[in-house]
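Pasting data.cif here (mmCIF, C-alpha atoms):
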```
data_protein
loop_
_atom_site.label_atom_id
_atom_site.label_comp_id
_atom_site.auth_asym_id
_atom_site.auth_seq_id
_atom_site.Cartn_x
_atom_site.Cartn_y
_atom_site.Cartn_z
CA MET A 118 67.13 34.62 -29.17
CA ILE A 119 64.05 32.90 -27.75
CA GLU A 120 61.50 35.38 -26.41
CA LYS A 121 60.92 35.04 -22.68
CA THR A 122 57.44 35.07 -21.14
CA PHE A 123 56.32 35.74 -17.59
CA VAL A 124 53.62 33.21 -16.75
CA PRO A 125 51.27 34.12 -13.88
CA PHE A 126 51.69 31.47 -11.19
CA HIS A 127 47.98 30.67 -11.09
CA GLU A 128 48.02 30.01 -14.85
CA ILE A 129 50.92 27.54 -14.99
CA GLY A 130 48.74 24.46 -15.29
CA ASN A 131 50.75 21.66 -16.89
CA GLN A 132 53.41 23.93 -18.41
CA GLU A 133 57.07 23.37 -17.65
CA VAL A 134 58.29 26.67 -16.24
CA ILE A 135 61.17 28.12 -14.26
CA ILE A 136 59.90 28.94 -10.77
CA VAL A 137 61.76 31.78 -9.07
CA ASP A 138 61.48 32.32 -5.30
CA GLY A 139 58.70 29.80 -4.78
CA LEU A 140 57.78 26.14 -5.13
CA HIS A 141 55.80 24.20 -7.75
CA PRO A 142 55.62 20.49 -8.69
CA ARG A 143 56.55 21.19 -12.33
CA GLY A 144 59.62 22.79 -13.82
CA LEU A 145 62.97 24.03 -12.57
CA ILE A 146 62.89 25.46 -9.04
CA LEU A 147 65.33 28.33 -8.45
CA SER A 148 64.40 29.25 -4.92
CA HIS A 149 65.73 29.46 -1.38
CA TRP A 150 62.37 28.50 0.10
CA LYS A 151 62.56 25.48 2.40
CA GLY A 152 62.79 22.38 0.23
CA GLY A 153 63.74 24.39 -2.86
CA ASN A 154 67.43 25.22 -2.36
CA ILE A 155 68.55 21.79 -3.50
CA HIS A 156 71.01 22.36 -6.36
CA ALA A 157 74.42 22.34 -4.67
CA GLU A 158 76.31 23.63 -7.69
CA ILE A 159 74.26 26.86 -7.92
CA THR A 160 73.22 27.35 -4.31
CA ASP A 161 73.01 30.77 -2.68
CA ASP A 162 71.28 32.26 0.34
CA THR A 163 68.96 34.26 -1.95
CA SER A 164 66.73 33.15 -4.80
CA GLY A 165 68.16 35.92 -6.96
CA GLY A 166 71.65 34.62 -6.27
CA ILE A 167 70.62 31.08 -7.22
CA VAL A 168 69.32 32.37 -10.57
CA LEU A 169 72.50 34.36 -11.20
CA ASN A 170 74.61 31.27 -10.49
CA ALA A 171 72.39 29.16 -12.76
CA ILE A 172 72.84 31.63 -15.62
CA GLU A 173 76.59 31.81 -15.07
CA LYS A 174 76.94 28.01 -15.12
CA ASN A 175 74.37 27.47 -17.90
CA PHE A 176 72.48 25.17 -15.56
CA THR A 177 70.25 22.53 -17.14
CA GLY A 178 66.80 23.96 -17.84
CA ILE A 179 67.88 27.60 -17.64
CA ASP A 180 66.92 28.19 -21.29
CA ASN A 181 63.22 27.54 -20.66
CA PRO A 182 61.51 30.73 -21.89
CA PHE A 183 58.59 30.43 -19.47
CA ILE A 184 59.21 32.04 -16.08
CA SER A 185 56.96 32.43 -13.04
CA ALA A 186 56.92 33.55 -9.40
CA THR A 187 54.38 33.43 -6.59
CA HIS A 188 54.89 37.00 -5.40
CA PHE A 189 56.73 40.22 -6.10
CA ASP A 190 59.64 41.25 -3.93
CA ILE A 191 63.17 42.49 -4.63
CA ASP A 192 64.84 39.09 -4.40
CA GLY A 193 62.30 37.36 -6.62
CA PHE A 194 62.32 40.22 -9.11
CA VAL A 195 66.11 40.07 -9.38
CA GLY A 196 65.85 36.40 -10.33
CA VAL A 197 63.02 36.88 -12.81
CA TRP A 198 64.59 39.91 -14.48
CA ALA A 199 67.97 38.19 -14.76
CA LEU A 200 66.35 35.40 -16.77
CA PHE A 201 64.95 38.00 -19.18
CA GLU A 202 68.31 39.82 -19.47
CA PRO A 203 70.97 37.16 -18.77
CA GLN A 204 73.91 38.89 -20.45
CA LEU A 205 73.32 42.18 -18.66
CA ALA A 206 72.68 40.29 -15.44
CA MET A 207 76.16 38.78 -15.64
CA GLN A 208 77.70 42.22 -16.18
CA TYR A 209 75.94 43.51 -13.07
CA LYS A 210 76.00 40.30 -11.05
CA SER A 211 77.42 41.83 -7.87
CA VAL A 212 74.89 44.68 -7.92
CA LEU A 213 71.95 42.36 -8.51
CA HIS A 214 73.12 39.94 -5.84
CA GLN A 215 73.38 42.75 -3.30
CA MET A 216 69.87 43.84 -4.27
CA ALA A 217 68.62 40.36 -3.37
CA VAL A 218 70.46 40.36 -0.02
CA ILE A 219 69.30 43.85 0.93
CA GLY A 220 65.75 43.20 -0.22
CA ASP A 221 65.20 39.89 1.55
CA PHE A 222 67.49 39.99 4.59
CA ARG A 223 67.85 43.79 4.99
CA GLU A 224 71.60 43.18 5.41
CA LEU A 225 73.06 46.36 3.94
CA ASN A 226 76.86 46.20 3.88
CA LEU A 227 78.32 49.14 2.00
CA THR A 228 81.77 47.52 1.97
CA LYS A 229 80.45 44.84 -0.41
CA ASP A 230 81.03 45.24 -4.14
CA GLY A 231 77.96 46.78 -5.78
CA ALA A 232 76.12 47.47 -2.52
CA ASP A 233 75.74 51.24 -2.89
CA HIS A 234 74.39 50.92 -6.44
CA ALA A 235 72.13 48.11 -5.25
CA LEU A 236 70.73 50.26 -2.44
CA LYS A 237 69.73 52.96 -4.94
CA LEU A 238 67.96 50.39 -7.11
CA VAL A 239 66.17 48.78 -4.16
CA CYS A 240 64.97 52.18 -2.98
CA TYR A 241 63.80 52.99 -6.52
CA ILE A 242 61.72 49.82 -6.71
CA ASN A 243 60.34 50.37 -3.21
CA ALA A 244 59.19 53.88 -4.12
CA VAL A 245 57.64 52.99 -7.47
CA GLU A 246 55.98 49.86 -6.07
CA LYS A 247 54.20 51.92 -3.40
CA GLU A 248 53.31 54.75 -5.76
CA LYS A 249 52.00 52.74 -8.73
CA PHE A 250 50.74 49.57 -7.06
CA TYR A 251 50.52 48.63 -3.37
CA VAL A 252 52.91 48.08 -0.49
CA PRO A 253 54.34 44.59 0.15
CA PHE A 254 51.69 42.38 1.79
CA GLY A 255 49.16 45.12 1.12
CA GLU A 256 46.81 42.84 -0.82
CA ALA A 257 45.59 39.34 0.01
CA ASP A 258 45.54 38.01 -3.56
CA GLU A 259 49.26 38.51 -4.17
CA ILE A 260 49.62 35.58 -6.59
CA LYS A 261 47.32 37.27 -9.09
CA LEU A 262 47.95 40.94 -8.37
CA CYS A 263 51.76 40.70 -8.41
CA VAL A 264 51.61 40.04 -12.17
CA GLU A 265 51.02 43.76 -12.80
CA LYS A 266 54.20 44.60 -10.90
CA PHE A 267 56.29 42.13 -12.90
CA ASN A 268 54.79 43.31 -16.18
CA TYR A 269 55.77 46.88 -15.29
CA PHE A 270 59.25 46.36 -13.85
CA ILE A 271 60.58 43.67 -16.23
CA PRO A 272 60.70 45.95 -19.31
CA THR A 273 61.55 49.19 -17.47
CA PHE A 274 64.27 48.09 -15.03
CA LYS A 275 67.10 47.92 -17.61
CA GLU A 276 67.04 51.67 -18.15
CA VAL A 277 67.10 52.31 -14.39
CA LEU A 278 69.99 49.88 -13.89
CA LEU A 279 72.08 51.54 -16.62
CA ASN A 280 71.22 55.14 -15.70
CA THR A 281 70.45 54.95 -12.00
CA ASP A 282 71.40 58.51 -11.12
CA SER A 283 68.87 59.83 -13.63
CA TYR A 284 66.19 58.51 -11.25
CA LYS A 285 67.68 60.10 -8.13
CA ALA A 286 64.53 62.07 -7.39
CA ILE A 287 62.71 58.76 -6.89
CA TRP A 288 65.23 56.81 -4.80
CA GLU A 289 67.08 59.56 -2.93
CA LYS A 290 64.84 60.02 0.13
CA GLU A 291 64.86 56.40 1.28
CA TYR A 292 68.49 55.94 0.22
CA ASP A 293 69.59 58.86 2.40
CA GLN A 294 67.59 57.59 5.38
CA ALA A 295 68.95 54.05 5.06
CA LYS A 296 72.56 55.26 4.79
CA ALA A 297 72.19 57.66 7.72
CA ASP A 298 70.90 54.83 9.92
CA TYR A 299 73.57 52.47 8.56
CA TYR A 300 76.33 54.79 9.75
CA LYS A 301 74.78 55.16 13.21
CA ILE A 302 75.57 51.50 13.77
CA ASP A 303 78.71 51.34 11.63
CA SER A 304 80.27 54.23 13.58
CA GLY A 305 79.48 52.68 16.94
CA GLU A 306 77.07 55.48 17.88
CA TYR A 307 74.42 52.82 18.53
CA PRO A 308 75.94 50.00 20.64
CA VAL A 309 75.45 46.40 19.53
CA ASN A 310 75.54 43.33 21.78
CA ASN A 311 75.99 40.00 20.00
CA TYR A 312 74.94 36.64 21.42
CA PRO A 313 76.35 34.23 18.81
CA GLU A 314 75.43 31.11 20.78
CA ILE A 315 71.74 31.91 20.19
CA GLY A 316 72.10 33.78 16.90
CA LEU A 317 70.81 37.02 18.43
CA GLN A 318 71.95 40.60 18.03
CA CYS A 319 70.78 43.34 20.39
CA ILE A 320 70.91 46.95 19.21
CA HIS A 321 70.64 49.88 21.62
CA ALA A 322 69.39 52.65 19.35
CA LYS A 323 68.35 56.20 20.18
CA ALA A 324 65.33 56.01 17.88
CA PRO A 325 63.60 53.52 15.54
CA MET A 326 65.56 52.96 12.35
CA HIS A 327 65.18 51.99 8.72
CA TYR A 328 65.52 48.21 8.40
CA TYR A 329 68.51 48.49 6.06
CA GLY A 330 70.35 50.29 8.86
CA LEU A 331 68.91 48.26 11.73
CA PHE A 332 69.92 44.90 10.23
CA SER A 333 73.15 46.14 8.63
CA LYS A 334 75.47 44.39 11.10
CA SER A 335 73.26 41.34 11.61
CA GLU A 336 74.87 39.04 9.03
CA GLY A 337 75.37 35.76 10.89
CA SER A 338 72.48 36.45 13.28
CA ASP A 339 68.86 35.35 12.88
CA ILE A 340 67.17 37.31 15.68
CA VAL A 341 67.39 41.06 16.19
CA MET A 342 66.38 42.72 19.46
CA SER A 343 65.92 46.48 19.28
CA ILE A 344 66.06 48.52 22.49
CA TYR A 345 65.04 52.17 22.26
CA PRO A 346 64.75 54.94 24.87
CA ASP A 347 61.75 54.94 27.22
CA ASN A 348 61.77 51.13 27.40
CA LYS A 349 60.54 50.61 23.85
CA TYR A 350 61.38 47.18 22.44
CA GLU A 351 60.97 44.83 19.48
CA VAL A 352 62.35 41.31 18.98
CA GLU A 353 62.22 39.96 15.45
CA TYR A 354 63.15 36.79 13.60
CA LYS A 355 64.94 37.58 10.38
CA TYR A 356 63.81 36.03 7.10
CA THR A 357 67.01 33.96 7.15
CA THR A 358 65.25 31.25 9.15
CA TRP A 359 62.09 31.17 7.03
CA VAL A 360 64.17 30.04 4.05
CA ASP A 361 67.09 27.66 3.56
CA ILE A 362 70.33 29.62 3.62
CA THR A 363 73.36 27.49 2.79
CA SER A 364 76.28 29.74 3.76
CA ARG A 365 76.10 28.74 7.42
CA PRO A 366 74.15 26.55 9.86
CA THR A 367 71.28 28.09 11.81
CA LEU A 368 69.17 27.35 14.85
CA PRO A 369 65.48 26.62 14.22
CA ARG A 370 62.77 29.12 15.00
CA ILE A 371 60.97 28.54 18.26
CA SER A 372 57.71 30.16 19.22
CA LEU A 373 57.94 33.54 20.92
CA LYS A 374 54.52 33.02 22.47
CA PRO A 375 55.74 31.30 25.69
CA LEU A 376 57.36 34.62 26.53
CA LEU A 377 54.02 36.39 26.44
CA LYS A 378 52.70 35.03 29.74
CA GLN A 379 55.78 36.13 31.65
CA LEU A 380 56.04 39.49 29.92
CA ASN A 381 52.37 40.28 30.43
CA LEU A 382 52.64 39.37 34.12
CA LEU A 383 55.51 41.84 34.46
CA GLU A 384 53.95 44.52 32.27
CA LYS A 385 52.19 47.34 34.13
CA SER A 386 51.44 49.62 31.19
CA GLN A 387 48.13 49.75 29.33
CA TYR A 388 49.56 47.71 26.46
CA THR A 389 49.76 43.95 25.84
CA TRP A 390 52.66 41.85 24.61
CA HIS A 391 52.02 40.10 21.29
CA ALA A 392 54.04 37.68 19.15
CA ASP A 393 53.45 36.29 15.66
CA GLY A 394 53.67 32.57 14.87
CA ILE A 395 56.90 30.96 13.68
CA SER A 396 55.56 30.37 10.16
CA ASP A 397 55.20 34.11 9.61
CA THR A 398 57.95 35.46 7.36
CA GLY A 399 59.13 37.88 10.05
CA PRO A 400 57.58 37.26 13.48
CA ILE A 401 57.86 40.19 15.89
CA LEU A 402 57.53 40.23 19.68
CA ARG A 403 56.32 43.69 20.76
CA LEU A 404 53.90 45.64 22.89
CA GLU A 405 50.61 46.21 21.08
CA ASN A 406 47.65 48.50 21.35
CA ASP A 407 45.92 46.99 18.31
CA ASN A 408 47.46 44.12 16.36
CA LEU A 409 49.53 45.26 13.40
CA SER A 410 48.68 44.10 9.89
CA LYS A 411 51.23 42.09 7.92
CA ALA A 412 51.99 45.15 5.80
CA GLU A 413 52.60 47.25 8.92
CA ARG A 414 54.95 44.65 10.38
CA TYR A 415 56.88 44.44 7.11
CA ALA A 416 57.24 48.23 6.94
CA ASN A 417 60.18 49.92 8.65
CA PRO A 418 60.09 50.40 12.45
CA THR A 419 60.05 54.15 11.74
CA GLU A 420 56.61 53.70 10.17
CA ARG A 421 54.82 52.11 13.15
CA ALA A 422 54.16 53.05 16.75
CA ILE A 423 56.43 51.38 19.32
CA TYR A 424 55.00 51.63 22.82
CA PRO A 425 56.84 52.18 26.13
CA SER A 426 57.02 49.25 28.52
CA SER A 427 57.14 49.28 32.30
CA ILE A 428 59.88 46.62 32.12
CA ASP A 429 63.45 47.88 32.61
CA SER A 430 65.70 47.52 29.56
CA TYR A 431 68.36 45.49 31.40
CA ILE A 432 65.71 43.06 32.66
CA PHE A 433 64.12 42.83 29.20
CA GLU A 434 67.40 42.03 27.44
CA ARG A 435 68.30 39.47 30.10
CA LEU A 436 64.86 37.84 30.00
CA ILE A 437 64.88 37.48 26.21
CA THR A 438 68.43 36.14 25.97
CA ASP A 439 67.90 33.72 28.87
CA PHE A 440 64.76 32.40 27.16
CA PHE A 441 66.64 31.59 23.96
CA LYS A 442 69.66 30.17 25.81
CA PHE A 443 67.35 27.78 27.65
CA ALA A 444 65.36 26.86 24.54
CA TYR A 445 68.47 26.20 22.43
CA ARG A 446 70.54 24.50 25.14
CA ASN A 447 70.35 21.02 23.56
CA ILE A 448 69.98 22.02 19.89
CA THR A 449 72.88 21.99 17.45
CA PRO A 450 72.79 24.46 14.55
CA LYS A 451 72.51 22.88 11.11
CA LYS A 452 71.51 23.66 7.55
CA SER A 453 68.23 22.88 5.80
CA TRP A 454 65.79 22.68 8.68
CA THR A 455 62.44 21.44 7.39
CA TRP A 456 59.21 22.97 8.64
CA LYS A 457 58.34 19.55 10.06
CA GLU A 458 61.55 19.54 12.10
CA VAL A 459 61.05 23.14 13.23
CA ARG A 460 57.51 22.47 14.44
CA ALA A 461 58.51 19.22 16.19
CA ILE A 462 61.28 21.00 18.11
CA ASP A 463 58.96 23.84 19.01
CA ILE A 464 56.38 21.40 20.39
CA ALA A 465 59.06 19.53 22.36
CA ILE A 466 60.33 22.73 23.95
#
```
Output the structure of this file as structure tokens.
Amino acid sequence: MIEKTFVPFHEIGNQEVIIVDGLHPRGLILSHWKGGNIHAEITDDTSGGIVLNAIEKNFTGIDNPFISATHFDIDGFVGVWALFEPQLAMQYKSVLHQMAVIGDFRELNLTKDGADHALKLVCYINAVEKEKFYVPFGEADEIKLCVEKFNYFIPTFKEVLLNTDSYKAIWEKEYDQAKADYYKIDSGEYPVNNYPEIGLQCIHAKAPMHYYGLFSKSEGSDIVMSIYPDNKYEVEYKYTTWVDITSRPTLPRISLKPLLKQLNLLEKSQYTWHADGISDTGPILRLENDNLSKAERYANPTERAIYPSSIDSYIFERLITDFFKFAYRNITPKKSWTWKEVRAIDIAI
């Protein structure tokens, strides 16, 4: 068997490599990034899923022993690791695919085959990544620094996959929190309002939640509005509209910043409404004291302060949904929005 090699992205040069979860002018692209999810016969909403399909179908170029990625995250790691261990990846395809979905989209669905095992593995990687390295988006030079993460997890993950319960002490805390929050929505304890015409889901929760619980019923939606007691709110674009998912059409992202003027006119608290740009991987509209870092925004809502607004929750939900209904009134959902198209629509609106 040909020995596989992880090639740091910044050292690719003129080599022909397999690029997982990213883009590069040379080599085979196995990625759901915009412009990369182009192979119809192996397509998937996740990069990890694309790789798994490519292995299963022995896709042209899949035997290239040189593999690279621009960053470390669960989805990208699933794809990279599967190329190093293709036979085992096929045996655990459903588990690995659920890891990619949970990791990138936070869509935990415990009724899916392999999802519970996948959640344990995702929580294991999350814990070890924070303990041994740095949190996601915690360093600016990710392209170079992520290499250490890949070099650690590629050779060690097999043992964890095969003997997951032996590592319970590492994954149990986050796993228990994610499942507890999952069942708060699954049981109906936390009411959910869906607005399918604008791809938005509104969750009325009693307290901030782990993302894997918060987004657990959001499959098919691309915007999640969280309403907590004491008029605490967040509105967030899911990662599903930063990439090209192919399972369903989507509406394009539009800037949340036009909402800021109206919200700040209404707001009587000491805080200020802030929104990230549409090219951010997960833009959030929220009240701010000081602007959050990228790492803080990526972390679970339970790990950041969410401030009380003077705006009534009914008015807030109505204002947000009316904004999107107006913005999307003449736009038809489709697949494969380019960034050029997204920006042109945003400017026109």
Where does the PyMOL selection byres ((chain A and resi 173) around 12) land in this file, that is, which residues does it pick, as a short mmCIF file (atom, residue, chain, number, x, y, z; two decimals) with C-alpha atoms, in the frame of the given file?
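Generated output (expr.cif):
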```cif
data_model
loop_
_atom_site.label_atom_id
_atom_site.label_comp_id
_atom_site.auth_asym_id
_atom_site.auth_seq_id
_atom_site.Cartn_x
_atom_site.Cartn_y
_atom_site.Cartn_z
CA GLU A 158 76.31 23.63 -7.69
CA ILE A 159 74.26 26.86 -7.92
CA GLY A 166 71.65 34.62 -6.27
CA ILE A 167 70.62 31.08 -7.22
CA VAL A 168 69.32 32.37 -10.57
CA LEU A 169 72.50 34.36 -11.20
CA ASN A 170 74.61 31.27 -10.49
CA ALA A 171 72.39 29.16 -12.76
CA ILE A 172 72.84 31.63 -15.62
CA LYS A 174 76.94 28.01 -15.12
CA ASN A 175 74.37 27.47 -17.90
CA PHE A 176 72.48 25.17 -15.56
CA THR A 177 70.25 22.53 -17.14
CA ILE A 179 67.88 27.60 -17.64
CA ALA A 199 67.97 38.19 -14.76
CA LEU A 200 66.35 35.40 -16.77
CA PRO A 203 70.97 37.16 -18.77
CA GLN A 204 73.91 38.89 -20.45
CA LEU A 205 73.32 42.18 -18.66
CA ALA A 206 72.68 40.29 -15.44
CA MET A 207 76.16 38.78 -15.64
CA GLN A 208 77.70 42.22 -16.18
CA TYR A 209 75.94 43.51 -13.07
CA LYS A 210 76.00 40.30 -11.05
#
```
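Between CA of Lys457 (chain A) and CA of Trp359 (chain A) lies a distance of 12.6 Å.
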Practice prompt. Could you expand the PyMOL selection byres ((chain A and resi 246) around 12) into the explicit residues it covers here, written as JSON, numbers by chain?
Written response: {"A": [189, 190, 191, 194, 239, 240, 241, 242, 243, 244, 245, 247, 248, 249, 250, 251, 252, 253, 254, 255, 263, 265, 266, 267, 269, 270, 287, 288]}
Nearest to Val195 (chain A), restricted to all atoms listed in the file and choosing among A:Ile271, A:Leu225, A:Ile462, A:Ile146, comes out as A:Ile271
- Task: Measure the distance from CA of Tyr356 (chain A) to CA of Ser164 (chain A) in Å and round it to one decimal.
- Result: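 Computing the Euclidean distance for CA of Tyr356 (chain A) and CA of Ser164 (chain A) yields 12.6 Å.
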key: Shell around Thr357 (chain A) at 9 Å using only C-alpha atoms, local window under 6 positions removed, as a list in words   = Asp162, Asp221, Phe222, Ser338, Asp339 and Thr367 of chain A
**Request:** Using the chain letters and residue numbers of this document, give as a PyMOL selection string the residues selected by the PyMOL selection byres ((chain A and resi 150-157) around 8).
**Result:** chain A and resi 138-140+146-149+158-161+359-362+453-456
Selection from above, C-alpha atoms, as a CSV table (one decimal), in the frame of the given file, can you write it?
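Resulting contents of part_16.csv:
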```
chain,number,residue,atom,x,y,z
A,138,ASP,CA,61.5,32.3,-5.3
A,139,GLY,CA,58.7,29.8,-4.8
A,140,LEU,CA,57.8,26.1,-5.1
A,146,ILE,CA,62.9,25.5,-9.0
A,147,LEU,CA,65.3,28.3,-8.4
A,148,SER,CA,64.4,29.2,-4.9
A,149,HIS,CA,65.7,29.5,-1.4
A,158,GLU,CA,76.3,23.6,-7.7
A,159,ILE,CA,74.3,26.9,-7.9
A,160,THR,CA,73.2,27.4,-4.3
A,161,ASP,CA,73.0,30.8,-2.7
A,359,TRP,CA,62.1,31.2,7.0
A,360,VAL,CA,64.2,30.0,4.0
A,361,ASP,CA,67.1,27.7,3.6
A,362,ILE,CA,70.3,29.6,3.6
A,453,SER,CA,68.2,22.9,5.8
A,454,TRP,CA,65.8,22.7,8.7
A,455,THR,CA,62.4,21.4,7.4
A,456,TRP,CA,59.2,23.0,8.6
```
field: Who sits within 9 Å of region 290-300 of chain A, only C-alpha atoms, same chain under 5 positions skipped, as JSON, numbers by chain
entry: {"A": [225, 226, 227, 236, 237, 239, 240, 241, 243, 244, 285, 305, 306, 326, 327, 328, 329, 330, 331, 332, 333, 334]}
Correct to one decimal, the distance CA of Ala444 (chain A)-CA of Tyr415 (chain A) is 26.2 Å
- Task: Would you list the contacts of region 419-431 of chain A as a count of residues only, taking every protein, DNA or RNA residue within 8 Å and counting only C-alpha atoms, but skipping same-chain residues closer than 6 positions in sequence?
- Result: 18
Near region 118-135 of chain A, 7 Å: region 217-329 of chain A residue rows, closest pairs, all atoms listed in the file, as JSON lines:
```
{"residue": "A:Ile260", "atom": "CA", "partner": "A:Phe126", "partner_atom": "CA", "distance": 6.5}
{"residue": "A:Lys261", "atom": "CA", "partner": "A:His127", "partner_atom": "CA", "distance": 6.9}
{"residue": "A:Val264", "atom": "CA", "partner": "A:Pro125", "partner_atom": "CA", "distance": 6.2}
```
Need the shell around Val341 (chain A): protein/DNA/RNA residues with any atom at most 6 Å away, counting only C-alpha atoms. Skip same-chain ones fewer than 4 positions apart. Format as a ChimeraX atom specification?
/A:317-319,352-353
Close residues, Ile371 (chain A) itself excluded, 12 Å, all atoms listed in the file, min 3 positions apart in chain, as a ChimeraX atom specification:
/A:315,339-340,353-354,358-359,368,374-376,392-397,400,440-445,448,456,458-466
Notebook entry, point to check: Pick from A:Pro313, A:Gly231, A:Pro346, A:Gly196: nearest to Ser211 (chain A), with only C-alpha atoms counted?
Noted result: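 For Ser211 (chain A), the nearest of the given residues is A:Gly231.
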